[in-house]
>>> print(open('protein-v4.cif').read())   # mmCIF, C-alpha atoms
data_upload
loop_
_atom_site.label_atom_id
_atom_site.label_comp_id
_atom_site.auth_asym_id
_atom_site.auth_seq_id
_atom_site.Cartn_x
_atom_site.Cartn_y
_atom_site.Cartn_z
CA PHE A 1 -9.15 -1.54 18.57
CA VAL A 2 -8.39 -0.83 22.20
CA TYR A 3 -7.44 2.26 24.18
CA HIS A 4 -6.13 2.04 27.72
CA PRO A 5 -5.79 5.49 29.35
CA LYS A 6 -3.38 4.20 31.99
CA ARG A 7 -1.20 2.47 29.36
CA MET A 8 -1.43 -0.80 31.26
CA LYS A 9 -1.54 -4.46 30.23
CA VAL A 10 -4.19 -5.54 27.74
CA LEU A 11 -4.18 -9.28 26.93
CA ASN A 12 -0.47 -10.08 26.59
CA SER A 13 1.04 -6.60 26.03
CA PHE A 14 1.21 -3.12 27.48
CA ALA A 15 -0.36 -0.55 25.14
CA SER A 16 -2.22 2.71 25.11
CA LEU A 17 -3.86 2.60 21.66
CA ALA A 18 -3.58 -0.63 19.71
CA ILE A 19 -5.10 -3.21 17.43
CA GLN A 20 -6.43 -6.25 19.22
CA HIS A 21 -5.82 -9.19 16.94
CA ILE A 22 -7.98 -12.19 17.74
CA ASN A 23 -7.65 -15.00 15.24
CA GLN A 24 -7.67 -18.77 15.50
CA THR A 25 -6.73 -19.53 11.87
CA GLY A 26 -3.67 -17.32 11.40
CA SER A 27 -3.21 -14.22 9.28
CA SER A 28 -0.62 -11.56 8.67
CA PHE A 29 -1.01 -7.84 8.14
CA ARG A 30 0.72 -4.48 7.97
CA TYR A 31 -0.58 -1.36 9.65
CA LYS A 32 -0.03 2.36 10.10
CA VAL A 33 -1.60 4.51 12.80
CA PHE A 34 -2.38 8.19 12.21
CA ILE A 35 -3.56 10.73 14.80
CA GLN A 36 -5.40 13.86 13.69
CA ARG A 37 -3.95 17.13 14.89
CA ASN A 38 -6.39 19.92 15.84
CA ASP A 39 -5.68 21.61 12.47
CA GLY A 40 -7.14 18.54 10.71
CA GLU A 41 -3.88 17.03 9.44
CA PHE A 42 -3.24 13.34 10.15
CA ILE A 43 0.27 12.60 11.43
CA GLN A 44 1.67 9.07 11.46
CA TRP A 45 2.35 7.77 14.96
CA GLY A 46 5.24 5.32 14.92
CA PRO A 47 6.62 3.39 11.97
CA GLN A 48 4.64 1.01 9.79
CA GLY A 49 4.09 -2.16 11.75
CA ARG A 50 4.16 -5.72 10.46
CA HIS A 51 2.40 -8.59 12.06
CA PRO A 52 3.43 -12.09 10.92
CA VAL A 53 1.13 -15.08 10.64
CA SER A 54 -0.04 -16.00 14.10
CA VAL A 55 -2.92 -17.87 15.69
CA ASP A 56 -2.54 -16.18 19.08
CA SER A 57 -4.62 -13.28 20.28
CA GLN A 58 -2.26 -10.31 20.35
CA ILE A 59 -2.09 -6.58 20.85
CA VAL A 60 -0.10 -4.64 18.25
CA GLY A 61 0.53 -0.94 17.89
CA PRO A 62 3.23 1.74 17.94
CA ASP A 63 3.72 1.58 21.71
CA ALA A 64 2.69 -2.04 22.35
CA LYS A 65 5.34 -3.99 24.24
CA GLU A 66 5.52 -7.14 26.31
CA GLU A 67 7.38 -5.62 29.28
CA GLY A 68 5.87 -3.05 31.66
CA PRO A 69 5.32 -1.20 33.86
CA HIS A 70 3.36 0.68 31.17
CA ALA A 71 3.34 1.62 27.49
CA ASP A 72 4.83 4.88 26.18
CA GLY A 73 1.48 6.48 25.29
CA VAL A 74 0.28 8.27 22.16
CA PHE A 75 3.32 10.32 21.06
CA GLY A 76 4.80 9.59 24.50
CA LEU A 77 2.02 11.43 26.33
CA THR A 78 0.13 10.33 29.41
CA HIS A 79 -3.68 10.35 29.17
CA GLU A 80 -3.82 13.67 31.04
CA GLN A 81 -1.20 15.24 28.77
CA LEU A 82 -2.99 13.89 25.70
CA LEU A 83 -6.27 15.55 26.77
CA GLN A 84 -4.49 18.95 26.87
CA SER A 85 -2.52 18.43 23.64
CA GLU A 86 -2.97 19.46 20.01
CA TRP A 87 -4.19 15.91 19.30
CA VAL A 88 -7.53 16.31 21.08
CA HIS A 89 -10.11 18.63 19.50
CA LYS A 90 -13.46 19.23 21.23
CA ASP A 91 -12.80 16.33 23.61
CA THR A 92 -12.25 13.98 20.66
CA LEU A 93 -9.16 12.03 19.63
CA THR A 94 -9.46 11.08 15.96
CA VAL A 95 -7.44 8.06 14.90
CA LYS A 96 -7.02 6.55 11.46
CA PHE A 97 -5.72 3.01 11.08
CA GLU A 98 -4.49 1.81 7.70
CA LEU A 99 -4.64 -1.95 7.73
CA GLU A 100 -3.46 -4.22 4.93
CA VAL A 101 -4.46 -7.82 5.57
CA ARG A 102 -2.71 -10.48 3.55
CA PRO A 103 -4.94 -13.32 2.43
CA GLU A 104 -4.46 -16.63 4.11
CA THR A 105 -2.46 -19.15 2.12
CA TYR A 106 -2.29 -22.83 2.74
CA ASP A 107 0.29 -25.31 1.53
CA THR A 108 -2.28 -27.02 -0.69
CA TYR A 109 -2.56 -23.88 -2.82
CA LEU A 110 1.16 -23.48 -3.32
CA PRO A 111 3.26 -25.55 -5.70
CA LEU A 112 5.11 -28.23 -3.82
CA LYS A 113 8.35 -27.61 -5.67
CA ARG A 114 9.51 -24.62 -7.64
CA GLN A 115 10.38 -25.51 -11.17
CA LYS A 116 13.93 -24.68 -12.14
CA VAL A 117 14.75 -23.37 -15.56
CA GLU A 118 18.18 -24.22 -16.88
CA VAL A 119 19.61 -21.14 -18.56
CA PRO A 120 22.34 -22.11 -20.99
CA PRO A 121 25.59 -20.16 -20.93
CA SER A 122 25.69 -17.20 -23.28
CA SER A 123 27.01 -17.85 -26.78
CA LEU A 124 26.68 -14.26 -28.02
CA ASN A 125 30.44 -13.70 -28.25
CA ALA A 126 30.94 -16.88 -30.29
CA ASN A 127 27.99 -16.03 -32.55
CA LEU A 128 29.28 -12.51 -33.25
CA LEU A 129 32.80 -13.81 -33.89
CA SER A 130 31.36 -16.35 -36.33
CA LEU A 131 29.55 -13.60 -38.23
CA LEU A 132 32.79 -11.64 -38.48
CA GLU A 133 35.04 -14.54 -39.47
CA GLU A 134 32.64 -16.17 -41.95
CA GLY A 135 31.22 -12.93 -43.32
CA ASN A 136 27.66 -14.30 -43.35
CA PHE A 137 25.06 -11.57 -44.02
CA SER A 138 27.78 -8.90 -44.17
CA ASP A 139 26.92 -5.69 -45.98
CA VAL A 140 30.13 -3.65 -45.67
CA THR A 141 33.64 -4.34 -46.93
CA PHE A 142 36.80 -2.82 -45.47
CA LEU A 143 39.74 -2.50 -47.88
CA VAL A 144 43.02 -2.48 -45.94
CA LYS A 145 46.17 -2.36 -48.08
CA GLY A 146 44.95 -4.96 -50.56
CA GLU A 147 43.08 -7.20 -48.10
CA THR A 148 39.30 -7.22 -47.66
CA PHE A 149 37.38 -7.69 -44.43
CA LYS A 150 33.63 -8.30 -44.32
CA ALA A 151 31.56 -6.55 -41.62
CA HIS A 152 27.99 -5.67 -40.63
CA SER A 153 26.88 -2.04 -40.77
CA GLN A 154 24.27 -2.40 -37.98
CA ILE A 155 26.87 -3.67 -35.52
CA LEU A 156 29.41 -1.02 -36.56
CA ALA A 157 26.84 1.78 -36.28
CA GLY A 158 25.70 0.51 -32.90
CA ARG A 159 29.26 0.51 -31.55
CA SER A 160 30.66 3.69 -33.14
CA GLU A 161 29.25 7.17 -33.79
CA VAL A 162 31.84 7.59 -36.58
CA PHE A 163 30.63 4.49 -38.44
CA LYS A 164 27.02 5.46 -37.76
CA ALA A 165 27.59 8.80 -39.52
CA GLU A 166 29.79 7.32 -42.25
CA LEU A 167 27.48 4.42 -43.14
CA GLY A 168 24.11 6.00 -42.40
CA SER A 169 24.35 9.37 -44.11
CA GLY A 170 24.87 10.37 -47.71
CA MET A 171 28.64 9.84 -47.60
CA ARG A 172 30.34 7.79 -50.32
CA GLU A 173 30.82 4.79 -47.96
CA SER A 174 27.08 4.59 -47.28
CA LEU A 175 26.42 4.23 -51.01
CA THR A 176 29.30 1.94 -52.03
CA LYS A 177 29.36 -0.03 -48.76
CA GLU A 178 33.16 0.02 -49.00
CA VAL A 179 35.47 1.68 -46.47
CA THR A 180 39.09 2.19 -47.44
CA VAL A 181 41.61 2.18 -44.57
CA THR A 182 45.06 3.50 -45.48
CA ASP A 183 46.72 4.13 -42.12
CA CYS A 184 46.64 0.59 -40.68
CA GLU A 185 48.24 -2.78 -41.43
CA PRO A 186 45.87 -5.71 -42.17
CA ASP A 187 47.11 -7.77 -39.18
CA VAL A 188 46.52 -4.85 -36.81
CA PHE A 189 43.09 -4.15 -38.35
CA LYS A 190 42.04 -7.80 -38.01
CA ALA A 191 43.09 -7.90 -34.34
#
>>> encode(input="protein-v4.cif", output="structure tokens")
Amino acid sequence: FVYHPKRMKVLNSFASLAIQHINQTGSSFRYKVFIQRNDGEFIQWGPQGRHPVSVDSQIVGPDAKEEGPHADGVFGLTHEQLLQSEWVHKDTLTVKFELEVRPETYDTYLPLKRQKVEVPPSSLNANLLSLLEEGNFSDVTFLVKGETFKAHSQILAGRSEVFKAELGSGMRESLTKEVTVTDCEPDVFKA
């Protein structure tokens, strides 16, 4: 970590308080910088920073920048202003850095090619239609003006509160598993 009271150039950037990243192998990390106020509370200075994989020595921090003439300073304050501020307590500036370093990864550890999984198109509609038309595993019969239609109580109850109550309670239809429909034509009911 580096602090430059005059907010001048350090390595390749202008910064007042920053992380000096020196690495020849490359790494990436995220960081947050907190400054302690004189009441003891830590306040985040700047947004969370992200540093991509790099092998260069670099300076990173909330006010680090490549162009001068100087950095902005801690909360935009000059060194003299900082010394007189709420951020310095008993001649001490307390800083907390949260640093999350990502482990290095090399191509040899990663799969060369992602495996693709072919997901077949859905056949749920066709399967449900087949159950209805063929009547396989049906457990309810609808009687519509002399014609019978086979159905499945679980599907009906899942789709309709009326059928759920009619077929799942002590009503006659739940015992006989027959539902009589008198106010509909068979062609309309089947549609």
>>> closest_residue(input="protein-v4.cif", among="A:Asn127, A:Gln20, A:Ser138, A:Asn38", to="Ala151 in chain A", atoms="only C-alpha atoms")
A:Ser138
>>> closest_residue(input="protein-v4.cif", among="A:Ala15, A:Leu124, A:Val60, A:Met171", to="Phe29 in chain A", atoms="all atoms listed in the file")
A:Val60
>>> atom_distance(input="protein-v4.cif", atom1="CA of Asp63 in chain A", atom2="CA of Phe1 in chain A")
13.6 Å
>>> residues_near_point(input="protein-v4.cif", point="(39.8, -8.0, -43.4)", cutoff="12 Å", atoms="only C-alpha atoms", output="list in words")
Leu132, Glu133, Glu134, Gly135, Val140, Thr141, Phe142, Leu143, Val144, Lys145, Gly146, Glu147, Thr148, Phe149, Lys150, Ala151, Glu178, Val179, Thr180, Val181, Cys184, Glu185, Pro186, Asp187, Val188, Phe189, Lys190 and Ala191 of chain A
>>> residues_near_point(input="protein-v4.cif", point="(-2.3, 6.9, 12.6)", cutoff="6 Å", atoms="only C-alpha atoms", output="MDAnalysis selection string")
chainID A and resid 32:35 44:45 95:97
>>> atom_distance(input="protein-v4.cif", atom1="CA of Thr78 in chain A", atom2="CA of Ile22 in chain A")
26.6 Å
>>> atom_distance(input="protein-v4.cif", atom1="CA of Asp72 in chain A", atom2="CA of Ser28 in chain A")
24.6 Å
>>> closest_residue(input="protein-v4.cif", among="A:Lys65, A:Val74, A:Gly168, A:Arg37", to="His89 in chain A", atoms="only C-alpha atoms")
A:Arg37
>>> resolve_selection(input="protein-v4.cif", expression="the PyMOL selection byres ((chain A and resi 64) around 10)", output="PyMOL selection string")
chain A and resi 7-10+12-19+58-63+65-68+70-73
>>> resolve_selection(input="protein-v4.cif", expression="the PyMOL selection byres ((chain A and resi 87) around 12)", output="PDB file with C-alpha atoms, in the frame of the given file")
ATOM      1  CA  PHE A  34      -2.380   8.190  12.210  1.00  0.00           C
ATOM      2  CA  ILE A  35      -3.560  10.730  14.800  1.00  0.00           C
ATOM      3  CA  GLN A  36      -5.400  13.860  13.690  1.00  0.00           C
ATOM      4  CA  ARG A  37      -3.950  17.130  14.890  1.00  0.00           C
ATOM      5  CA  ASN A  38      -6.390  19.920  15.840  1.00  0.00           C
ATOM      6  CA  ASP A  39      -5.680  21.610  12.470  1.00  0.00           C
ATOM      7  CA  GLY A  40      -7.140  18.540  10.710  1.00  0.00           C
ATOM      8  CA  GLU A  41      -3.880  17.030   9.440  1.00  0.00           C
ATOM      9  CA  PHE A  42      -3.240  13.340  10.150  1.00  0.00           C
ATOM     10  CA  ILE A  43       0.270  12.600  11.430  1.00  0.00           C
ATOM     11  CA  GLN A  44       1.670   9.070  11.460  1.00  0.00           C
ATOM     12  CA  TRP A  45       2.350   7.770  14.960  1.00  0.00           C
ATOM     13  CA  VAL A  74       0.280   8.270  22.160  1.00  0.00           C
ATOM     14  CA  PHE A  75       3.320  10.320  21.060  1.00  0.00           C
ATOM     15  CA  LEU A  77       2.020  11.430  26.330  1.00  0.00           C
ATOM     16  CA  HIS A  79      -3.680  10.350  29.170  1.00  0.00           C
ATOM     17  CA  GLU A  80      -3.820  13.670  31.040  1.00  0.00           C
ATOM     18  CA  GLN A  81      -1.200  15.240  28.770  1.00  0.00           C
ATOM     19  CA  LEU A  82      -2.990  13.890  25.700  1.00  0.00           C
ATOM     20  CA  LEU A  83      -6.270  15.550  26.770  1.00  0.00           C
ATOM     21  CA  GLN A  84      -4.490  18.950  26.870  1.00  0.00           C
ATOM     22  CA  SER A  85      -2.520  18.430  23.640  1.00  0.00           C
ATOM     23  CA  GLU A  86      -2.970  19.460  20.010  1.00  0.00           C
ATOM     24  CA  VAL A  88      -7.530  16.310  21.080  1.00  0.00           C
ATOM     25  CA  HIS A  89     -10.110  18.630  19.500  1.00  0.00           C
ATOM     26  CA  LYS A  90     -13.460  19.230  21.230  1.00  0.00           C
ATOM     27  CA  ASP A  91     -12.800  16.330  23.610  1.00  0.00           C
ATOM     28  CA  THR A  92     -12.250  13.980  20.660  1.00  0.00           C
ATOM     29  CA  LEU A  93      -9.160  12.030  19.630  1.00  0.00           C
ATOM     30  CA  THR A  94      -9.460  11.080  15.960  1.00  0.00           C
ATOM     31  CA  VAL A  95      -7.440   8.060  14.900  1.00  0.00           C
TER      32      VAL A  95
END
>>> decode(input="protein-v4.cif", residues="range 64-174 of chain A", atoms="C-alpha atoms", output="PDB file, in the first residue's frame")
ATOM      1  CA  ALA A  64      -5.700   6.446  -8.985  1.00  0.00           C
ATOM      2  CA  LYS A  65      -5.530   7.770 -12.534  1.00  0.00           C
ATOM      3  CA  GLU A  66      -3.029   7.830 -15.359  1.00  0.00           C
ATOM      4  CA  GLU A  67      -3.306  11.555 -16.121  1.00  0.00           C
ATOM      5  CA  GLY A  68      -2.100  14.322 -13.776  1.00  0.00           C
ATOM      6  CA  PRO A  69      -1.320  16.852 -12.547  1.00  0.00           C
ATOM      7  CA  HIS A  70      -2.377  15.082  -9.325  1.00  0.00           C
ATOM      8  CA  ALA A  71      -4.889  12.643  -7.864  1.00  0.00           C
ATOM      9  CA  ASP A  72      -8.144  13.769  -6.222  1.00  0.00           C
ATOM     10  CA  GLY A  73      -7.097  12.838  -2.668  1.00  0.00           C
ATOM     11  CA  VAL A  74      -8.890  10.913   0.079  1.00  0.00           C
ATOM     12  CA  PHE A  75     -12.523  12.053  -0.217  1.00  0.00           C
ATOM     13  CA  GLY A  76     -11.242  14.869  -2.456  1.00  0.00           C
ATOM     14  CA  LEU A  77      -9.149  16.410   0.326  1.00  0.00           C
ATOM     15  CA  THR A  78      -5.598  17.689   0.136  1.00  0.00           C
ATOM     16  CA  HIS A  79      -3.141  16.320   2.711  1.00  0.00           C
ATOM     17  CA  GLU A  80      -3.504  19.492   4.803  1.00  0.00           C
ATOM     18  CA  GLN A  81      -7.308  19.324   4.683  1.00  0.00           C
ATOM     19  CA  LEU A  82      -7.209  15.619   5.539  1.00  0.00           C
ATOM     20  CA  LEU A  83      -5.131  16.309   8.675  1.00  0.00           C
ATOM     21  CA  GLN A  84      -7.844  18.716   9.928  1.00  0.00           C
ATOM     22  CA  SER A  85     -10.788  16.492   8.933  1.00  0.00           C
ATOM     23  CA  GLU A  86     -13.022  14.010  10.742  1.00  0.00           C
ATOM     24  CA  TRP A  87     -10.967  11.212   9.144  1.00  0.00           C
ATOM     25  CA  VAL A  88      -7.854  11.786  11.261  1.00  0.00           C
ATOM     26  CA  HIS A  89      -8.056  10.927  14.966  1.00  0.00           C
ATOM     27  CA  LYS A  90      -5.063  11.571  17.247  1.00  0.00           C
ATOM     28  CA  ASP A  91      -2.832  12.151  14.214  1.00  0.00           C
ATOM     29  CA  THR A  92      -3.813   8.761  12.784  1.00  0.00           C
ATOM     30  CA  LEU A  93      -5.609   7.899   9.560  1.00  0.00           C
ATOM     31  CA  THR A  94      -7.059   4.394   9.848  1.00  0.00           C
ATOM     32  CA  VAL A  95      -7.662   2.611   6.562  1.00  0.00           C
ATOM     33  CA  LYS A  96      -9.215  -0.776   5.928  1.00  0.00           C
ATOM     34  CA  PHE A  97      -8.690  -2.515   2.593  1.00  0.00           C
ATOM     35  CA  GLU A  98     -10.907  -5.427   1.632  1.00  0.00           C
ATOM     36  CA  LEU A  99      -9.064  -7.408  -0.983  1.00  0.00           C
ATOM     37  CA  GLU A 100     -10.423 -10.450  -2.809  1.00  0.00           C
ATOM     38  CA  VAL A 101      -7.729 -12.128  -4.881  1.00  0.00           C
ATOM     39  CA  ARG A 102      -8.847 -14.566  -7.524  1.00  0.00           C
ATOM     40  CA  PRO A 103      -6.674 -17.635  -7.862  1.00  0.00           C
ATOM     41  CA  GLU A 104      -4.523 -17.870 -10.913  1.00  0.00           C
ATOM     42  CA  THR A 105      -5.868 -20.140 -13.631  1.00  0.00           C
ATOM     43  CA  TYR A 106      -3.947 -21.510 -16.533  1.00  0.00           C
ATOM     44  CA  ASP A 107      -5.255 -22.947 -19.768  1.00  0.00           C
ATOM     45  CA  THR A 108      -3.981 -26.408 -18.831  1.00  0.00           C
ATOM     46  CA  TYR A 109      -6.444 -26.553 -15.927  1.00  0.00           C
ATOM     47  CA  LEU A 110      -9.452 -25.569 -17.992  1.00  0.00           C
ATOM     48  CA  PRO A 111     -11.289 -27.884 -20.369  1.00  0.00           C
ATOM     49  CA  LEU A 112     -10.255 -27.206 -23.926  1.00  0.00           C
ATOM     50  CA  LYS A 113     -13.801 -27.343 -25.222  1.00  0.00           C
ATOM     51  CA  ARG A 114     -17.086 -26.978 -23.417  1.00  0.00           C
ATOM     52  CA  GLN A 115     -19.285 -29.974 -23.888  1.00  0.00           C
ATOM     53  CA  LYS A 116     -22.633 -29.198 -25.429  1.00  0.00           C
ATOM     54  CA  VAL A 117     -25.745 -30.977 -24.307  1.00  0.00           C
ATOM     55  CA  GLU A 118     -28.443 -31.390 -26.905  1.00  0.00           C
ATOM     56  CA  VAL A 119     -31.792 -30.680 -25.274  1.00  0.00           C
ATOM     57  CA  PRO A 120     -34.592 -32.254 -27.257  1.00  0.00           C
ATOM     58  CA  PRO A 121     -37.674 -30.173 -28.012  1.00  0.00           C
ATOM     59  CA  SER A 122     -40.439 -30.468 -25.452  1.00  0.00           C
ATOM     60  CA  SER A 123     -43.028 -33.167 -26.048  1.00  0.00           C
ATOM     61  CA  LEU A 124     -45.157 -32.394 -22.988  1.00  0.00           C
ATOM     62  CA  ASN A 125     -48.108 -31.109 -25.017  1.00  0.00           C
ATOM     63  CA  ALA A 126     -48.151 -34.220 -27.207  1.00  0.00           C
ATOM     64  CA  ASN A 127     -47.825 -36.493 -24.170  1.00  0.00           C
ATOM     65  CA  LEU A 128     -50.713 -34.822 -22.333  1.00  0.00           C
ATOM     66  CA  LEU A 129     -52.884 -34.894 -25.468  1.00  0.00           C
ATOM     67  CA  SER A 130     -52.128 -38.610 -25.826  1.00  0.00           C
ATOM     68  CA  LEU A 131     -53.237 -39.250 -22.250  1.00  0.00           C
ATOM     69  CA  LEU A 132     -56.486 -37.416 -22.921  1.00  0.00           C
ATOM     70  CA  GLU A 133     -57.254 -39.008 -26.286  1.00  0.00           C
ATOM     71  CA  GLU A 134     -56.288 -42.576 -25.355  1.00  0.00           C
ATOM     72  CA  GLY A 135     -57.580 -42.421 -21.793  1.00  0.00           C
ATOM     73  CA  ASN A 136     -54.545 -44.276 -20.424  1.00  0.00           C
ATOM     74  CA  PHE A 137     -54.399 -44.205 -16.601  1.00  0.00           C
ATOM     75  CA  SER A 138     -57.566 -42.086 -16.442  1.00  0.00           C
ATOM     76  CA  ASP A 139     -59.478 -42.122 -13.178  1.00  0.00           C
ATOM     77  CA  VAL A 140     -62.429 -39.804 -13.892  1.00  0.00           C
ATOM     78  CA  THR A 141     -65.229 -40.064 -16.436  1.00  0.00           C
ATOM     79  CA  PHE A 142     -67.248 -37.118 -17.741  1.00  0.00           C
ATOM     80  CA  LEU A 143     -70.770 -37.948 -18.944  1.00  0.00           C
ATOM     81  CA  VAL A 144     -71.909 -35.365 -21.503  1.00  0.00           C
ATOM     82  CA  LYS A 145     -75.341 -36.019 -23.045  1.00  0.00           C
ATOM     83  CA  GLY A 146     -74.726 -39.718 -23.589  1.00  0.00           C
ATOM     84  CA  GLU A 147     -71.022 -39.524 -24.482  1.00  0.00           C
ATOM     85  CA  THR A 148     -68.179 -40.374 -22.098  1.00  0.00           C
ATOM     86  CA  PHE A 149     -64.816 -38.655 -21.849  1.00  0.00           C
ATOM     87  CA  LYS A 150     -61.920 -40.053 -19.835  1.00  0.00           C
ATOM     88  CA  ALA A 151     -59.771 -37.644 -17.782  1.00  0.00           C
ATOM     89  CA  HIS A 152     -57.173 -37.522 -15.001  1.00  0.00           C
ATOM     90  CA  SER A 153     -58.163 -36.090 -11.619  1.00  0.00           C
ATOM     91  CA  GLN A 154     -54.625 -34.890 -10.747  1.00  0.00           C
ATOM     92  CA  ILE A 155     -54.413 -32.778 -13.900  1.00  0.00           C
ATOM     93  CA  LEU A 156     -57.952 -31.426 -13.449  1.00  0.00           C
ATOM     94  CA  ALA A 157     -57.325 -30.558  -9.793  1.00  0.00           C
ATOM     95  CA  GLY A 158     -54.039 -28.888 -10.666  1.00  0.00           C
ATOM     96  CA  ARG A 159     -55.694 -26.704 -13.302  1.00  0.00           C
ATOM     97  CA  SER A 160     -59.018 -25.863 -11.601  1.00  0.00           C
ATOM     98  CA  GLU A 161     -60.022 -25.016  -8.026  1.00  0.00           C
ATOM     99  CA  VAL A 162     -63.569 -26.202  -8.838  1.00  0.00           C
ATOM    100  CA  PHE A 163     -62.378 -29.669  -9.883  1.00  0.00           C
ATOM    101  CA  LYS A 164     -59.979 -29.755  -6.942  1.00  0.00           C
ATOM    102  CA  ALA A 165     -62.900 -29.235  -4.544  1.00  0.00           C
ATOM    103  CA  GLU A 166     -65.273 -31.487  -6.485  1.00  0.00           C
ATOM    104  CA  LEU A 167     -62.874 -34.425  -6.858  1.00  0.00           C
ATOM    105  CA  GLY A 168     -60.880 -34.070  -3.656  1.00  0.00           C
ATOM    106  CA  SER A 169     -63.565 -33.603  -1.024  1.00  0.00           C
ATOM    107  CA  GLY A 170     -66.433 -35.781   0.114  1.00  0.00           C
ATOM    108  CA  MET A 171     -68.694 -34.788  -2.783  1.00  0.00           C
ATOM    109  CA  ARG A 172     -70.464 -37.479  -4.805  1.00  0.00           C
ATOM    110  CA  GLU A 173     -68.074 -37.017  -7.774  1.00  0.00           C
ATOM    111  CA  SER A 174     -65.042 -37.750  -5.595  1.00  0.00           C
TER     112      SER A 174
END
